[in-house]
>>> print(open('target_8.pdb').read())   # PDB, C-alpha atoms
ATOM      1  CA  MET A   1     -48.103 -13.972  33.674  1.00  0.00           C
ATOM      2  CA  LYS A   2     -45.656 -15.747  31.414  1.00  0.00           C
ATOM      3  CA  LEU A   3     -42.085 -14.861  30.469  1.00  0.00           C
ATOM      4  CA  LEU A   4     -40.955 -16.024  27.042  1.00  0.00           C
ATOM      5  CA  MET A   5     -37.249 -16.673  27.358  1.00  0.00           C
ATOM      6  CA  SER A   6     -34.235 -18.763  26.398  1.00  0.00           C
ATOM      7  CA  PRO A   7     -31.684 -19.683  29.098  1.00  0.00           C
ATOM      8  CA  PRO A   8     -28.562 -18.551  27.170  1.00  0.00           C
ATOM      9  CA  SER A   9     -30.018 -15.096  26.429  1.00  0.00           C
ATOM     10  CA  PRO A  10     -28.375 -12.502  28.698  1.00  0.00           C
ATOM     11  CA  PHE A  11     -31.385 -10.199  28.200  1.00  0.00           C
ATOM     12  CA  ALA A  12     -33.758 -12.904  29.384  1.00  0.00           C
ATOM     13  CA  ARG A  13     -31.419 -13.788  32.226  1.00  0.00           C
ATOM     14  CA  LYS A  14     -31.651 -10.232  33.594  1.00  0.00           C
ATOM     15  CA  VAL A  15     -35.393 -10.699  33.968  1.00  0.00           C
ATOM     16  CA  ARG A  16     -35.054 -14.212  35.363  1.00  0.00           C
ATOM     17  CA  VAL A  17     -32.582 -13.029  38.012  1.00  0.00           C
ATOM     18  CA  LEU A  18     -34.900 -10.176  38.965  1.00  0.00           C
ATOM     19  CA  LEU A  19     -37.836 -12.592  39.355  1.00  0.00           C
ATOM     20  CA  ARG A  20     -35.830 -14.555  41.910  1.00  0.00           C
ATOM     21  CA  GLU A  21     -34.367 -11.549  43.699  1.00  0.00           C
ATOM     22  CA  VAL A  22     -37.786  -9.934  44.297  1.00  0.00           C
ATOM     23  CA  ASP A  23     -39.758 -13.166  44.859  1.00  0.00           C
ATOM     24  CA  LEU A  24     -42.039 -13.005  41.811  1.00  0.00           C
ATOM     25  CA  LEU A  25     -41.592 -16.571  40.591  1.00  0.00           C
ATOM     26  CA  ASP A  26     -45.013 -17.479  41.930  1.00  0.00           C
ATOM     27  CA  ARG A  27     -46.588 -14.834  39.665  1.00  0.00           C
ATOM     28  CA  VAL A  28     -44.556 -15.290  36.486  1.00  0.00           C
ATOM     29  CA  ALA A  29     -44.088 -18.635  34.754  1.00  0.00           C
ATOM     30  CA  GLU A  30     -41.052 -19.070  32.531  1.00  0.00           C
ATOM     31  CA  GLN A  31     -41.647 -20.516  29.058  1.00  0.00           C
ATOM     32  CA  GLN A  32     -38.607 -21.511  27.053  1.00  0.00           C
ATOM     33  CA  VAL A  33     -38.765 -20.685  23.337  1.00  0.00           C
ATOM     34  CA  SER A  34     -36.271 -21.470  20.607  1.00  0.00           C
ATOM     35  CA  THR A  35     -35.900 -18.444  18.376  1.00  0.00           C
ATOM     36  CA  SER A  36     -33.253 -16.716  16.276  1.00  0.00           C
ATOM     37  CA  PRO A  37     -32.963 -13.685  13.991  1.00  0.00           C
ATOM     38  CA  LEU A  38     -33.287 -16.007  10.992  1.00  0.00           C
ATOM     39  CA  ASN A  39     -36.191 -18.055  12.305  1.00  0.00           C
ATOM     40  CA  SER A  40     -38.400 -16.341  14.864  1.00  0.00           C
ATOM     41  CA  ALA A  41     -40.544 -18.608  17.014  1.00  0.00           C
ATOM     42  CA  PRO A  42     -44.298 -18.093  16.508  1.00  0.00           C
ATOM     43  CA  ASP A  43     -44.783 -17.425  20.246  1.00  0.00           C
ATOM     44  CA  ALA A  44     -42.101 -14.734  20.159  1.00  0.00           C
ATOM     45  CA  LEU A  45     -43.606 -13.108  17.049  1.00  0.00           C
ATOM     46  CA  ALA A  46     -47.078 -13.116  18.588  1.00  0.00           C
ATOM     47  CA  ALA A  47     -45.758 -11.268  21.639  1.00  0.00           C
ATOM     48  CA  ASN A  48     -43.246  -8.977  19.937  1.00  0.00           C
ATOM     49  CA  PRO A  49     -43.392  -7.984  16.247  1.00  0.00           C
ATOM     50  CA  LEU A  50     -39.588  -8.063  16.238  1.00  0.00           C
ATOM     51  CA  GLY A  51     -39.636 -11.710  17.307  1.00  0.00           C
ATOM     52  CA  LYS A  52     -37.178 -11.017  20.120  1.00  0.00           C
ATOM     53  CA  ILE A  53     -37.097 -12.344  23.658  1.00  0.00           C
ATOM     54  CA  PRO A  54     -37.669 -11.780  26.475  1.00  0.00           C
ATOM     55  CA  ALA A  55     -41.331 -10.914  26.258  1.00  0.00           C
ATOM     56  CA  LEU A  56     -43.737 -10.765  29.183  1.00  0.00           C
ATOM     57  CA  LEU A  57     -47.294 -11.937  28.522  1.00  0.00           C
ATOM     58  CA  ARG A  58     -49.840 -10.285  30.800  1.00  0.00           C
ATOM     59  CA  ASP A  59     -53.504 -11.072  31.431  1.00  0.00           C
ATOM     60  CA  ASP A  60     -54.474  -7.425  31.797  1.00  0.00           C
ATOM     61  CA  GLY A  61     -52.669  -5.782  28.906  1.00  0.00           C
ATOM     62  CA  PRO A  62     -50.489  -6.233  25.842  1.00  0.00           C
ATOM     63  CA  ALA A  63     -47.227  -8.131  26.042  1.00  0.00           C
ATOM     64  CA  LEU A  64     -44.235  -6.130  27.211  1.00  0.00           C
ATOM     65  CA  TYR A  65     -40.898  -6.470  25.474  1.00  0.00           C
ATOM     66  CA  ASP A  66     -37.354  -5.163  25.701  1.00  0.00           C
ATOM     67  CA  SER A  67     -35.683  -6.352  28.869  1.00  0.00           C
ATOM     68  CA  ARG A  68     -35.414  -2.840  30.343  1.00  0.00           C
ATOM     69  CA  VAL A  69     -39.156  -2.303  29.983  1.00  0.00           C
ATOM     70  CA  ILE A  70     -39.884  -5.662  31.596  1.00  0.00           C
ATOM     71  CA  THR A  71     -37.490  -5.139  34.500  1.00  0.00           C
ATOM     72  CA  ARG A  72     -38.957  -1.707  35.284  1.00  0.00           C
ATOM     73  CA  TYR A  73     -42.480  -3.138  35.188  1.00  0.00           C
ATOM     74  CA  LEU A  74     -41.629  -6.093  37.445  1.00  0.00           C
ATOM     75  CA  ASN A  75     -39.681  -3.897  39.841  1.00  0.00           C
ATOM     76  CA  ASP A  76     -42.746  -1.675  40.254  1.00  0.00           C
ATOM     77  CA  LEU A  77     -45.070  -4.674  40.508  1.00  0.00           C
ATOM     78  CA  ALA A  78     -42.993  -6.114  43.353  1.00  0.00           C
ATOM     79  CA  GLY A  79     -42.579  -2.765  45.094  1.00  0.00           C
ATOM     80  CA  ALA A  80     -38.835  -3.366  44.921  1.00  0.00           C
ATOM     81  CA  LYS A  81     -36.126  -0.725  44.934  1.00  0.00           C
ATOM     82  CA  LEU A  82     -33.907  -1.913  42.110  1.00  0.00           C
ATOM     83  CA  TYR A  83     -34.185   1.542  40.507  1.00  0.00           C
ATOM     84  CA  PRO A  84     -33.574   3.779  43.560  1.00  0.00           C
ATOM     85  CA  ASP A  85     -34.522   7.448  43.213  1.00  0.00           C
ATOM     86  CA  SER A  86     -31.238   8.538  44.790  1.00  0.00           C
ATOM     87  CA  SER A  87     -29.165   7.049  41.959  1.00  0.00           C
ATOM     88  CA  LEU A  88     -31.763   6.421  39.250  1.00  0.00           C
ATOM     89  CA  TYR A  89     -29.838   7.841  36.316  1.00  0.00           C
ATOM     90  CA  GLU A  90     -26.605   6.147  37.316  1.00  0.00           C
ATOM     91  CA  VAL A  91     -28.411   2.799  37.543  1.00  0.00           C
ATOM     92  CA  LEU A  92     -30.115   3.378  34.182  1.00  0.00           C
ATOM     93  CA  THR A  93     -26.812   4.346  32.546  1.00  0.00           C
ATOM     94  CA  LEU A  94     -25.053   1.274  33.921  1.00  0.00           C
ATOM     95  CA  GLU A  95     -27.922  -0.953  32.811  1.00  0.00           C
ATOM     96  CA  ALA A  96     -27.710   0.583  29.332  1.00  0.00           C
ATOM     97  CA  THR A  97     -23.952  -0.018  29.321  1.00  0.00           C
ATOM     98  CA  ALA A  98     -24.465  -3.651  30.307  1.00  0.00           C
ATOM     99  CA  ASP A  99     -27.102  -4.053  27.605  1.00  0.00           C
ATOM    100  CA  ALA A 100     -24.670  -2.616  25.062  1.00  0.00           C
ATOM    101  CA  ILE A 101     -22.112  -5.253  26.074  1.00  0.00           C
ATOM    102  CA  MET A 102     -24.805  -7.883  25.567  1.00  0.00           C
ATOM    103  CA  GLU A 103     -25.806  -6.470  22.168  1.00  0.00           C
ATOM    104  CA  ALA A 104     -22.226  -6.424  20.898  1.00  0.00           C
ATOM    105  CA  THR A 105     -21.337  -9.890  22.132  1.00  0.00           C
ATOM    106  CA  VAL A 106     -24.620 -11.446  20.988  1.00  0.00           C
ATOM    107  CA  ALA A 107     -23.902  -9.937  17.537  1.00  0.00           C
ATOM    108  CA  MET A 108     -20.503 -11.647  17.626  1.00  0.00           C
ATOM    109  CA  THR A 109     -22.173 -14.947  18.454  1.00  0.00           C
ATOM    110  CA  TYR A 110     -24.695 -14.597  15.637  1.00  0.00           C
ATOM    111  CA  GLU A 111     -21.984 -13.727  13.120  1.00  0.00           C
ATOM    112  CA  VAL A 112     -20.240 -17.033  13.804  1.00  0.00           C
ATOM    113  CA  ARG A 113     -23.245 -19.267  14.410  1.00  0.00           C
ATOM    114  CA  LEU A 114     -25.729 -18.015  11.807  1.00  0.00           C
ATOM    115  CA  ARG A 115     -23.621 -16.933   8.830  1.00  0.00           C
ATOM    116  CA  PRO A 116     -21.750 -19.323   6.539  1.00  0.00           C
ATOM    117  CA  GLU A 117     -18.027 -19.209   7.251  1.00  0.00           C
ATOM    118  CA  ALA A 118     -17.244 -17.631   3.868  1.00  0.00           C
ATOM    119  CA  GLN A 119     -19.595 -14.728   4.676  1.00  0.00           C
ATOM    120  CA  GLN A 120     -18.348 -14.049   8.194  1.00  0.00           C
ATOM    121  CA  SER A 121     -16.530 -10.784   8.775  1.00  0.00           C
ATOM    122  CA  ASP A 122     -13.627 -10.822  11.196  1.00  0.00           C
ATOM    123  CA  ASP A 123     -13.586  -7.009  11.033  1.00  0.00           C
ATOM    124  CA  TRP A 124     -17.215  -6.968  12.195  1.00  0.00           C
ATOM    125  CA  ILE A 125     -16.478  -9.366  15.039  1.00  0.00           C
ATOM    126  CA  GLN A 126     -13.456  -7.355  16.171  1.00  0.00           C
ATOM    127  CA  ALA A 127     -15.429  -4.084  16.003  1.00  0.00           C
ATOM    128  CA  GLN A 128     -18.162  -5.561  18.187  1.00  0.00           C
ATOM    129  CA  TRP A 129     -15.592  -6.832  20.673  1.00  0.00           C
ATOM    130  CA  ALA A 130     -13.948  -3.404  20.773  1.00  0.00           C
ATOM    131  CA  LYS A 131     -17.290  -1.900  21.851  1.00  0.00           C
ATOM    132  CA  ALA A 132     -17.750  -4.495  24.571  1.00  0.00           C
ATOM    133  CA  ALA A 133     -14.151  -4.190  25.774  1.00  0.00           C
ATOM    134  CA  ARG A 134     -14.406  -0.384  26.019  1.00  0.00           C
ATOM    135  CA  ALA A 135     -17.626  -0.663  27.997  1.00  0.00           C
ATOM    136  CA  ILE A 136     -16.147  -3.252  30.369  1.00  0.00           C
ATOM    137  CA  ALA A 137     -13.065  -1.086  30.917  1.00  0.00           C
ATOM    138  CA  ALA A 138     -15.241   1.979  31.562  1.00  0.00           C
ATOM    139  CA  ILE A 139     -17.221   0.140  34.233  1.00  0.00           C
ATOM    140  CA  ASP A 140     -13.997  -0.981  35.912  1.00  0.00           C
ATOM    141  CA  ALA A 141     -12.483   2.514  35.763  1.00  0.00           C
ATOM    142  CA  ARG A 142     -15.465   4.729  36.610  1.00  0.00           C
ATOM    143  CA  TRP A 143     -18.478   2.824  37.911  1.00  0.00           C
ATOM    144  CA  MET A 144     -17.367   0.369  40.571  1.00  0.00           C
ATOM    145  CA  SER A 145     -18.798   2.410  43.434  1.00  0.00           C
ATOM    146  CA  HIS A 146     -22.264   1.997  41.890  1.00  0.00           C
ATOM    147  CA  LEU A 147     -21.933  -1.782  41.863  1.00  0.00           C
ATOM    148  CA  HIS A 148     -21.621  -1.909  45.648  1.00  0.00           C
ATOM    149  CA  GLY A 149     -24.308  -1.316  48.247  1.00  0.00           C
ATOM    150  CA  PRO A 150     -27.956  -2.417  48.191  1.00  0.00           C
ATOM    151  CA  LEU A 151     -29.054  -4.584  45.267  1.00  0.00           C
ATOM    152  CA  ASN A 152     -30.007  -2.612  42.160  1.00  0.00           C
ATOM    153  CA  MET A 153     -30.720  -3.363  38.520  1.00  0.00           C
ATOM    154  CA  ALA A 154     -27.289  -2.179  37.390  1.00  0.00           C
ATOM    155  CA  GLN A 155     -25.658  -4.965  39.384  1.00  0.00           C
ATOM    156  CA  ILE A 156     -27.938  -7.605  37.851  1.00  0.00           C
ATOM    157  CA  ALA A 157     -27.428  -6.306  34.317  1.00  0.00           C
ATOM    158  CA  VAL A 158     -23.643  -6.004  34.546  1.00  0.00           C
ATOM    159  CA  SER A 159     -23.269  -9.462  36.042  1.00  0.00           C
ATOM    160  CA  CYS A 160     -25.477 -11.038  33.350  1.00  0.00           C
ATOM    161  CA  ALA A 161     -23.508  -9.258  30.622  1.00  0.00           C
ATOM    162  CA  LEU A 162     -20.160 -10.459  31.961  1.00  0.00           C
ATOM    163  CA  ALA A 163     -21.468 -13.992  32.444  1.00  0.00           C
ATOM    164  CA  TYR A 164     -22.579 -14.042  28.801  1.00  0.00           C
ATOM    165  CA  VAL A 165     -19.095 -12.992  27.682  1.00  0.00           C
ATOM    166  CA  ASP A 166     -17.729 -15.921  29.702  1.00  0.00           C
ATOM    167  CA  LEU A 167     -20.309 -18.282  28.175  1.00  0.00           C
ATOM    168  CA  ARG A 168     -19.802 -17.422  24.506  1.00  0.00           C
ATOM    169  CA  HIS A 169     -16.465 -15.604  24.334  1.00  0.00           C
ATOM    170  CA  GLY A 170     -14.412 -16.939  27.222  1.00  0.00           C
ATOM    171  CA  ASP A 171     -11.225 -16.764  25.180  1.00  0.00           C
ATOM    172  CA  ARG A 172     -11.445 -12.949  25.166  1.00  0.00           C
ATOM    173  CA  ASP A 173     -10.350 -12.768  28.840  1.00  0.00           C
ATOM    174  CA  TRP A 174     -12.247  -9.609  29.776  1.00  0.00           C
ATOM    175  CA  ARG A 175     -10.795  -9.863  33.302  1.00  0.00           C
ATOM    176  CA  ASP A 176      -7.307  -8.896  32.130  1.00  0.00           C
ATOM    177  CA  GLY A 177      -6.760  -5.287  33.222  1.00  0.00           C
ATOM    178  CA  ASN A 178     -10.184  -5.069  34.901  1.00  0.00           C
ATOM    179  CA  ASP A 179      -9.204  -6.361  38.323  1.00  0.00           C
ATOM    180  CA  ALA A 180     -11.831  -4.553  40.398  1.00  0.00           C
ATOM    181  CA  LEU A 181     -14.678  -5.658  38.144  1.00  0.00           C
ATOM    182  CA  ALA A 182     -13.353  -9.216  37.997  1.00  0.00           C
ATOM    183  CA  ALA A 183     -13.265  -9.410  41.802  1.00  0.00           C
ATOM    184  CA  TRP A 184     -16.770  -7.981  42.040  1.00  0.00           C
ATOM    185  CA  GLN A 185     -18.125 -10.461  39.484  1.00  0.00           C
ATOM    186  CA  ALA A 186     -16.595 -13.410  41.325  1.00  0.00           C
ATOM    187  CA  THR A 187     -18.642 -12.448  44.378  1.00  0.00           C
ATOM    188  CA  TYR A 188     -21.831 -11.364  42.623  1.00  0.00           C
ATOM    189  CA  GLU A 189     -22.228 -14.362  40.349  1.00  0.00           C
ATOM    190  CA  ALA A 190     -22.207 -16.621  43.425  1.00  0.00           C
ATOM    191  CA  ARG A 191     -25.620 -15.222  44.426  1.00  0.00           C
ATOM    192  CA  ASP A 192     -28.420 -17.787  44.460  1.00  0.00           C
ATOM    193  CA  ALA A 193     -30.380 -16.043  41.690  1.00  0.00           C
ATOM    194  CA  MET A 194     -27.353 -16.056  39.391  1.00  0.00           C
ATOM    195  CA  GLN A 195     -26.603 -19.707  40.097  1.00  0.00           C
ATOM    196  CA  ALA A 196     -30.246 -20.703  39.540  1.00  0.00           C
ATOM    197  CA  THR A 197     -30.305 -19.074  36.093  1.00  0.00           C
ATOM    198  CA  LYS A 198     -26.949 -20.326  34.837  1.00  0.00           C
ATOM    199  CA  PRO A 199     -27.360 -21.591  31.244  1.00  0.00           C
TER
END
>>> encode(input="target_8.pdb", output="structure tokens")
Amino acid sequence: MKLLMSPPSPFARKVRVLLREVDLLDRVAEQQVSTSPLNSAPDALAANPLGKIPALLRDDGPALYDSRVITRYLNDLAGAKLYPDSSLYEVLTLEATADAIMEATVAMTYEVRLRPEAQQSDDWIQAQWAKAARAIAAIDARWMSHLHGPLNMAQIAVSCALAYVDLRHGDRDWRDGNDALAAWQATYEARDAMQATKP
């Protein structure tokens, strides 16, 4: 199989971390593609009509896309327990929350990098950051217990989301007021799979 990805993408990074955590690198090759909302790469369009990455090309079926679909598929393929039955809906909710942080902060990045300066909306950027900041604060206030214990997909997703904020929006200082989450991230992002996928 082949994973279409770009190293800075937090959505692709979730999948890349999973591949390393469940020892699937020998079954899935990573192919870097350069794509954007304004100029989708042909490989990305062929795999996903939306032109988005990541996309997983399979020999025995159509390409899979959307990072949450791919991570569920690979988890099942590996016989891993990243979506444990005992806390399935909590893990799914936390993964969705992490993905929402990614969506908002990627939108902020695109606003600055892809639109001419005269067309950029500071109100739009601030509204996207407000979404991300609320989600980060909610994780710190209500979800920390679910980020501890055996490895699960929520941990991977949250860590990748926070690392993307650091990468593209480090001046926002998400750690301020989120002490428990900041301490957790300092430990989690030191894992080998996170270090190996650092953009």
>>> residues_around(input="target_8.pdb", residues="Gly51 (chain A)", least_positions_apart="5", cutoff="10 Å", atoms="only C-alpha atoms", output="list in words")
Thr35, Ser36, Pro37, Leu38, Asn39, Ser40, Ala41, Pro42, Asp43, Ala44, Leu45, Ala46 and Tyr65 of chain A
>>> residues_around(input="target_8.pdb", residues="Ala163 (chain A)", least_positions_apart="2", cutoff="9 Å", atoms="only C-alpha atoms", output="PDB file with C-alpha atoms, in the frame of the given file")
ATOM      1  CA  PRO A  10     -28.375 -12.502  28.698  1.00  0.00           C
ATOM      2  CA  VAL A 158     -23.643  -6.004  34.546  1.00  0.00           C
ATOM      3  CA  SER A 159     -23.269  -9.462  36.042  1.00  0.00           C
ATOM      4  CA  CYS A 160     -25.477 -11.038  33.350  1.00  0.00           C
ATOM      5  CA  ALA A 161     -23.508  -9.258  30.622  1.00  0.00           C
ATOM      6  CA  VAL A 165     -19.095 -12.992  27.682  1.00  0.00           C
ATOM      7  CA  ASP A 166     -17.729 -15.921  29.702  1.00  0.00           C
ATOM      8  CA  LEU A 167     -20.309 -18.282  28.175  1.00  0.00           C
ATOM      9  CA  ARG A 168     -19.802 -17.422  24.506  1.00  0.00           C
ATOM     10  CA  GLN A 185     -18.125 -10.461  39.484  1.00  0.00           C
ATOM     11  CA  GLU A 189     -22.228 -14.362  40.349  1.00  0.00           C
ATOM     12  CA  LYS A 198     -26.949 -20.326  34.837  1.00  0.00           C
TER      13      LYS A 198
END
>>> resolve_selection(input="target_8.pdb", expression="the PyMOL selection byres ((chain A and resi 7) around 9)", output="number ranges by chain")
A: 5-6, 8-10, 12-13, 16, 32, 197-199
>>> resolve_selection(input="target_8.pdb", expression="the PyMOL selection byres ((chain A and resi 18) around 9)", output="VMD selection string")
chain A and resid 13 to 17 19 to 24 71 74 to 75 82 153 156 193
>>> atom_distance(input="target_8.pdb", atom1="CA of Asp179 (chain A)", atom2="CA of Ala138 (chain A)")
12.3 Å
>>> resolve_selection(input="target_8.pdb", expression="the PyMOL selection byres ((chain A and resi 87-103) around 9)", output="ChimeraX atom specification")
/A:9-11,67-68,82-86,104-108,128-129,131-133,135-136,139,143,146,152-162,164-165
>>> atom_distance(input="target_8.pdb", atom1="CA of Ala183 (chain A)", atom2="CA of Leu25 (chain A)")
29.2 Å
>>> closest_residue(input="target_8.pdb", among="A:Lys52, A:Arg58, A:Lys2, A:Lys81", to="Pro150 (chain A)", atoms="only C-alpha atoms")
A:Lys81
